[in-house]
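Novice: If you scroll down you'll find the structure; I have some questions about it.
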Number of protein chains: 2
Amino acid sequence: MKNDTRLTALAASLPATVPFVGPEAQERARGAAFTARLGANENGFGPSPTAIDAMANAASEAWMYADPESHDLREAIADHHGIDPQHIMVGEGIDTLLGLVVRLFVGQDDPVVTSAGAYPTFNYHVAGFGGALHTIPYTGDFEDPDRLIAKATEVGAKLIYISNPDNPMGSCHDGKTIKRMVRAVPEGALLILDEAYIELAPETAVADIDPNDPRVVRMRTFSKAYGMAGARVGYAIGHPDVISAFNKVRNHFGMSRIGQAGALAALADTDWIATIREKIADSRAEISAIALDNGLIPLQSATNFVTIDCGRDGVFAKALLDALVDRGIFVRMPSIAPQNRCIRVSCGPIADMRAFAAALPDALLEAEAAFTHE
Amino acid sequence: MKNDTRLTALAASLPATVPFVGPEAQERARGAAFTARLGANENGFGPSPTAIDAMANAASEAWMYADPESHDLREAIADHHGIDPQHIMVGEGIDTLLGLVVRLFVGQDDPVVTSAGAYPTFNYHVAGFGGALHTIPYTGDFEDPDRLIAKATEVGAKLIYISNPDNPMGSCHDGKTIKRMVRAVPEGALLILDEAYIELAPETAVADIDPNDPRVVRMRTFSKAYGMAGARVGYAIGHPDVISAFNKVRNHFGMSRIGQAGALAALADTDWIATIREKIADSRAEISAIALDNGLIPLQSATNFVTIDCGRDGVFAKALLDALVDRGIFVRMPSIAPQNRCIRVSCGPIADMRAFAAALPDALLEAEAAFTHE
């Protein structure tokens with residue numbers, strides 16, 4: 001692919017990359033659908049039935065643009081958190097909101113700090129706006145708040161990224177640890193606290209942060225616990241000045257009207273979320289049991305996936321992943337060592353768990369054979 | 001609203017603006033719903049029933065992210081145009097695609113050329129990436145291809161924007177005129193040909209442009225003729241190098257899965273689009289007749305709206321617009337003189353036309369009274 005000479009210098013320097021290859025592309029490549037779609041941390045238990053109804057009903061209203069202020073949804077989210085709507089910005093999923101935050105705060109060569117092997121889409125946005133990414137290794141299978149803060153202080157970071165619970169490892173810090181991290185954010189920096197999975201974590205993981213604290217912006221989504229990844233609804237919680245800055249650069253008419261309707265209904269169905277928490281906990285236990293049955297080590301998870309330590313290196317885990325994919329089980333794995341000794345399996349309905357359990361022993365044999373031959 | 005000192009210099013310089021206030025915000029302000037929603041060039045005749053069904057059915061699949069390559073939709077769009085999918089990029093509406101093109105091609109202070117009073121969201125993106133906007137006045141009620149090209153040559157423009165048919169005036173150039181314009185694009189520039197309304201224009205308005213021509217990128221949408229504004233699906237047609245450049249910066253998982261399903265069904269329902277063309281032509285005639293009945297001058301339209309010359313200046317047109325809004329009729333108007341002597345009324349079902357016809361005489365009296373008092 002040739003570079004267009006009319007591109008900006010920054011755009012010319014960027015690869016035409018994709019943070020993740022979609023399962024559909026893999027299905028097209030293998031010429032068959034996946035039996036179990038367990039790679040993208042989607043929620044196979046689905047959205048609340050009332051959210052599905054709301055979206056289905058909104059389909060006939062799709063001739064109208066969505067309310068660019070997402071007024072009703074913003075009010076409902078604010079109510080849900082017991083805070084004022086001026087602390088909430090609704091956007092087309094966390095990915096979009098992350099891109100906007102990077103665009104607002106990161107100029108060419110501005111330093112940004114994250115963990116090595118953390119969310120690739122954040123890194124994609126940082127690269128896309130010319131930021132200089134500094135990474136800190138995980139400590140064990142945890143992102144390391146203290147070292148992230150120390151690095152941010154050292155390099156004069158504009159942004160610091162942490163996810164709690166963490167993706168791709170599923171680990172989780174106590175809310176008090178996160179709160180301490182917020183207090184330590186150096187002058188001039190903004191902490192992005194990505195809480196995509198927080199509804200699935202223990203209550204103690206939720207940090208008690210003043211929504212007027214200008215040092216942190218929290219990211220939430222309807223893609224995980226609420227099961228609406230394909231509807232593209234996320235939101236940021238933060239200081240009103242940080243929130244209003246989104247209005248400088250966001251696509252005001254970017255929201256799907258159907259997604260808004262679905263999110264509003266999903267938020268109201270608190271029973272469903274309680275049920276989902278149970279189903280996901282059960283599914284985490286199932287995945288863990290399957291891993292143990294096969295001599296692999298499931299890591300503790302506060303999310304809707306379980307990261308499984310395959311006991312060897314990244315080459316072996318990749319061989320296992322490929323063998324699973326060949327058998328119709330879509331899973332993914334962390335990108336760099338030492339986390340890439342693992343594969344990451346999303347929670348899902350029992351049929352998916354059975355398919356995974358059925359495929360794993362053979363896949364392991366194949367991976368072990370490949371590993372031995374290397 | 002205070003500016004955050006951590007913002008980039010560019011972000012700090014930007015207002016927290018919105019290109020358009022949504023009708024919902026106006027409804028909240030006036031404490032009542034609009035009787036007729038005729039201001040945003042939405043298509044009140046709605047999407048194809050098969051598209052509605054497809055979106056309703058896709059609601060239960062919303063737990064899955066959309067295919068980031070929009071493979072099936074891209075193939076269908078390519079088939080529809082008789083070209084290769086490598087010429088097509090699907091995105092979350094033209095607004096998003098315009099933002100991406102500006103981001104790819106426009107650096108700080110890079111010159112961009114458009115018409116004075118043309119699409120504000122394009123200007124918003126240019127400002128948002130630090131570009132320097134140069135404008136050419138309309139000639140009569142038409143954008144002026146020759147002067148746009150001359151200005152682009154003079155200032156060394158990176159981008160040139162033209163919409164055909166034009167919004168907000170509804171006017172349209174012959175495809176041959178547009179083709180001549182493409183041939184005259186100066187070295188180093190890219191022409192954005194916004195064809196949001198092209199399906200509603202005469203066949204002769206469609207320019208016969210080689211999809212391999214690197215000088216132009218065309219923008220199309222499912223928001224207007226296809227009636228799916230709230231589903232957020234648009235696409236770009238262009239040279240493969242221009243198209244693949246989107247992959248450097250786009251939100252790969254940004255599409256709604258429901259929107260993809262709807263667009264695929266909408267594209268297949270060619271009968272519906274034929275019906276829509278008739279309904280819109282009828283509605284244009286109705287709006288024009290209502291305007292003439294009230295002593296106003298409807299402009300010729302190649303779109304799903306009619307721009308009505310109110311015969312005086314922008315102050316009068318604004319008074320008329322406000323009087324219509326007060327009477328529950330949502331309409332908009334061009335932003336600058338001399339186009340702001342007009343109001344812009346979207347096509348819609350007969351009930352909306354009747355509501356507009358009923359409100360206009362009184363609204364005119366009120367506007368005339370206000371005008372006399374100034």
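Chain labels A, B, ... are given in the sequence in which chains occur in the structure tokens; within each chain residues are numbered consecutively from 1, and ligands are likewise numbered from 1 in the order shown.
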For chain B, which residues have at least one atom within 7 Å of chain A, if we go by only C-alpha atoms? Write them as a PyMOL selection string, please.

Specialist: chain B and resi 1-4+6-8+11+14-18+22+24+42-44+46-47+52+55-57+59-60+62-68+96+104-107+128+188+227-232+241+244-245+247-249+251-252+254+256-258

Novice: Give me, as JSON, numbers by chain, all polymer residues having an atom no more than 12 Å from stretch 77-80 of chain B, counting only C-alpha atoms and skipping those fewer than 3 positions away in the same chain.

Specialist: {"B": [70, 71, 72, 73, 74, 83, 84, 85, 86, 87, 88, 89, 90, 211, 220, 221, 222, 233, 234, 235, 236, 237, 238, 260, 263, 264, 265, 266, 267, 268, 269, 270]}

Novice: Excluding same-chain residues fewer than 4 positions from stretch 304-321 of chain B, what lies within 7 Å of it counting only C-alpha atoms, as a list in words?

Specialist: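 Once the adjacent positions are removed, what remains is Asn41, Met169, Gly170, Leu200, Ile280, Arg284, Ile287, Ala291, Leu296, Ile297, Pro298, Leu299, Val325, Val331, Arg332, Ala337, Asn340, Arg341, Cys342, Ile343, Arg344, Val345, Ser346, Cys347, Ala363, Leu364, Ala367 and Phe371 of chain B.
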
Novice: Could you turn the residues from that selection into a file that holds N, CA, C and O atoms, as a tab-separated table (two decimals), in the first residue's frame?

Specialist:
```tsv
chain	number	residue	atom	x	y	z
B	41	ASN	N	-33.31	17.77	7.59
B	41	ASN	CA	-33.25	17.00	6.35
B	41	ASN	C	-33.25	15.49	6.61
B	41	ASN	O	-32.61	14.73	5.89
B	169	MET	N	-28.72	24.95	0.11
B	169	MET	CA	-29.55	25.64	-0.89
B	169	MET	C	-30.36	24.68	-1.74
B	169	MET	O	-31.32	25.10	-2.40
B	170	GLY	N	-29.99	23.41	-1.76
B	170	GLY	CA	-30.75	22.44	-2.55
B	170	GLY	C	-30.41	22.45	-4.03
B	170	GLY	O	-30.97	21.67	-4.81
B	200	LEU	N	-31.38	11.57	-4.64
B	200	LEU	CA	-32.63	12.31	-4.81
B	200	LEU	C	-32.53	13.33	-5.93
B	200	LEU	O	-33.50	14.05	-6.21
B	280	ILE	N	-40.58	12.03	-2.25
B	280	ILE	CA	-39.81	13.26	-2.00
B	280	ILE	C	-40.11	14.29	-3.08
B	280	ILE	O	-40.26	15.49	-2.80
B	284	ARG	N	-41.55	17.87	-2.26
B	284	ARG	CA	-40.91	19.11	-2.74
B	284	ARG	C	-41.95	20.00	-3.41
B	284	ARG	O	-41.98	21.23	-3.18
B	287	ILE	N	-44.18	21.53	-0.67
B	287	ILE	CA	-43.52	22.64	0.04
B	287	ILE	C	-43.47	23.88	-0.86
B	287	ILE	O	-43.74	25.00	-0.42
B	291	ALA	N	-45.17	27.51	-0.15
B	291	ALA	CA	-44.39	28.75	-0.16
B	291	ALA	C	-45.01	29.77	-1.10
B	291	ALA	O	-45.23	30.93	-0.72
B	296	LEU	N	-43.96	33.47	-0.94
B	296	LEU	CA	-42.52	33.22	-0.81
B	296	LEU	C	-42.04	32.45	-2.03
B	296	LEU	O	-42.83	31.85	-2.76
B	297	ILE	N	-40.72	32.44	-2.21
B	297	ILE	CA	-40.18	31.86	-3.44
B	297	ILE	C	-39.40	30.58	-3.15
B	297	ILE	O	-38.30	30.63	-2.57
B	298	PRO	N	-39.95	29.43	-3.52
B	298	PRO	CA	-39.21	28.18	-3.32
B	298	PRO	C	-38.09	28.06	-4.36
B	298	PRO	O	-38.31	28.30	-5.55
B	299	LEU	N	-36.91	27.67	-3.89
B	299	LEU	CA	-35.82	27.44	-4.84
B	299	LEU	C	-35.93	26.02	-5.39
B	299	LEU	O	-36.46	25.12	-4.74
B	325	VAL	N	-40.99	27.81	14.64
B	325	VAL	CA	-40.57	26.96	15.76
B	325	VAL	C	-41.55	27.12	16.93
B	325	VAL	O	-41.96	26.13	17.55
B	331	VAL	N	-37.80	23.88	11.67
B	331	VAL	CA	-37.09	24.13	10.41
B	331	VAL	C	-35.75	24.79	10.74
B	331	VAL	O	-35.52	25.19	11.88
B	332	ARG	N	-34.86	24.85	9.79
B	332	ARG	CA	-33.59	25.54	9.98
B	332	ARG	C	-33.38	26.54	8.85
B	332	ARG	O	-34.20	26.65	7.93
B	337	ALA	N	-25.29	35.48	5.03
B	337	ALA	CA	-25.86	36.22	3.90
B	337	ALA	C	-25.08	35.87	2.62
B	337	ALA	O	-23.88	35.63	2.69
B	340	ASN	N	-28.93	33.43	3.93
B	340	ASN	CA	-29.78	33.45	5.13
B	340	ASN	C	-31.05	34.28	4.95
B	340	ASN	O	-31.77	34.52	5.91
B	341	ARG	N	-31.34	34.68	3.72
B	341	ARG	CA	-32.66	35.24	3.43
B	341	ARG	C	-33.70	34.12	3.33
B	341	ARG	O	-34.89	34.37	3.18
B	342	CYS	N	-33.20	32.89	3.44
B	342	CYS	CA	-34.03	31.70	3.21
B	342	CYS	C	-34.29	30.92	4.50
B	342	CYS	O	-33.53	31.03	5.47
B	343	ILE	N	-35.33	30.11	4.50
B	343	ILE	CA	-35.48	29.03	5.47
B	343	ILE	C	-35.44	27.71	4.69
B	343	ILE	O	-35.70	27.68	3.48
B	344	ARG	N	-35.12	26.65	5.40
B	344	ARG	CA	-34.92	25.35	4.76
B	344	ARG	C	-35.91	24.36	5.37
B	344	ARG	O	-35.89	24.14	6.58
B	345	VAL	N	-36.76	23.80	4.54
B	345	VAL	CA	-37.83	22.93	5.02
B	345	VAL	C	-37.65	21.52	4.44
B	345	VAL	O	-37.61	21.35	3.21
B	346	SER	N	-37.53	20.54	5.31
B	346	SER	CA	-37.32	19.17	4.84
B	346	SER	C	-38.63	18.57	4.33
B	346	SER	O	-39.71	18.90	4.81
B	347	CYS	N	-38.51	17.68	3.36
B	347	CYS	CA	-39.67	16.92	2.88
B	347	CYS	C	-40.17	16.00	3.98
B	347	CYS	O	-39.40	15.60	4.86
B	363	ALA	N	-47.27	32.60	11.13
B	363	ALA	CA	-45.85	32.83	11.40
B	363	ALA	C	-45.34	34.01	10.57
B	363	ALA	O	-44.56	34.84	11.05
B	364	LEU	N	-45.81	34.10	9.35
B	364	LEU	CA	-45.41	35.20	8.47
B	364	LEU	C	-45.90	36.54	9.01
B	364	LEU	O	-45.17	37.53	9.00
B	367	ALA	N	-43.70	37.43	11.87
B	367	ALA	CA	-42.37	37.85	11.41
B	367	ALA	C	-42.44	39.24	10.79
B	367	ALA	O	-41.54	40.07	10.99
B	371	PHE	N	-40.53	42.49	12.03
B	371	PHE	CA	-39.64	43.14	11.07
B	371	PHE	C	-39.94	44.63	10.98
B	371	PHE	O	-39.05	45.48	10.94
```

Novice: Could you give me, as a list in words, the residues within 10 Å of A:Phe34, counting only C-alpha atoms and dropping anything in the same chain fewer than 3 positions from it?

Specialist: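 The residues satisfying every condition are Pro23, Glu24, Gln26, Glu27, Arg30, Gly31, Arg37, Leu38, Val325, Asp326, Arg327, Gly328, Ile329 and Phe330 of chain A.
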
Novice: Just asking: which residues within stretch 65-277 of chain A are helix (DSSP H, G or I) according to DSSP, as a count of residues only?

Specialist: 95

Novice: Have a look at atom CA of B:Cys172 and atom CA of B:Pro338 and let me know their distance in Å, one decimal.

Specialist: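 Atom CA of B:Pro338 lies 17.8 Å from atom CA of B:Cys172.
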
Novice: Check stretch 39-98 of chain A with DSSP on the backbone and list each residue it calls strand (DSSP E), as a JSON list (two decimals) with N, CA, C and O atoms, in the first residue's frame.

Specialist:
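Just written: result.json:
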```json
[["chain", "number", "residue", "atom", "x", "y", "z"],
["A", 88, "ILE", "N", -21.05, 13.83, 33.11],
["A", 88, "ILE", "CA", -21.20, 12.70, 32.20],
["A", 88, "ILE", "C", -21.11, 13.13, 30.75],
["A", 88, "ILE", "O", -21.77, 14.08, 30.32],
["A", 89, "MET", "N", -20.30, 12.43, 29.97],
["A", 89, "MET", "CA", -20.32, 12.58, 28.52],
["A", 89, "MET", "C", -20.59, 11.22, 27.89],
["A", 89, "MET", "O", -19.86, 10.26, 28.15],
["A", 90, "VAL", "N", -21.64, 11.15, 27.10],
["A", 90, "VAL", "CA", -21.97, 9.92, 26.40],
["A", 90, "VAL", "C", -21.27, 9.91, 25.04],
["A", 90, "VAL", "O", -21.19, 10.94, 24.37],
["A", 91, "GLY", "N", -20.74, 8.78, 24.66],
["A", 91, "GLY", "CA", -20.06, 8.67, 23.36],
["A", 91, "GLY", "C", -20.25, 7.29, 22.75],
["A", 91, "GLY", "O", -20.83, 6.39, 23.36]]
```

Novice: List the spatial neighbours of A:Asp166 as a list in words - criterion: any atom at most 10 Å away, only C-alpha atoms, same-chain residues fewer than 5 positions off excluded.

Specialist: Ala118, Tyr119, Asp141, Phe142, Glu143, Ser171, Cys172, His173, Asp194, Glu195, Ala196, Tyr197, Ile198, Ser301, Ala302 and Thr303 of chain A

Novice: Take the residues that were just selected and, keeping C-alpha atoms, output them as a PDB file, in the first residue's frame.

Specialist:
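Just written: out.pdb:
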```pdb
ATOM      1  CA  ALA A 118      -2.470  -3.091  28.116  1.00  0.00           C
ATOM      2  CA  TYR A 119      -5.323  -2.009  25.825  1.00  0.00           C
ATOM      3  CA  ASP A 141      -0.392 -10.112  36.450  1.00  0.00           C
ATOM      4  CA  PHE A 142      -1.388  -6.685  37.709  1.00  0.00           C
ATOM      5  CA  GLU A 143      -0.940  -3.215  36.309  1.00  0.00           C
ATOM      6  CA  SER A 171      -6.890  -8.785  37.541  1.00  0.00           C
ATOM      7  CA  CYS A 172      -8.273  -6.090  39.749  1.00  0.00           C
ATOM      8  CA  HIS A 173      -7.084  -3.567  42.276  1.00  0.00           C
ATOM      9  CA  ASP A 194     -10.899   2.512  32.172  1.00  0.00           C
ATOM     10  CA  GLU A 195     -13.644   0.716  34.081  1.00  0.00           C
ATOM     11  CA  ALA A 196     -15.134  -1.199  31.155  1.00  0.00           C
ATOM     12  CA  TYR A 197     -15.541  -4.292  33.339  1.00  0.00           C
ATOM     13  CA  ILE A 198     -16.249  -2.669  36.701  1.00  0.00           C
ATOM     14  CA  SER A 301     -10.826 -12.697  37.166  1.00  0.00           C
ATOM     15  CA  ALA A 302     -12.924  -9.645  37.991  1.00  0.00           C
ATOM     16  CA  THR A 303     -14.236  -9.427  34.417  1.00  0.00           C
TER      17      THR A 303
END
```
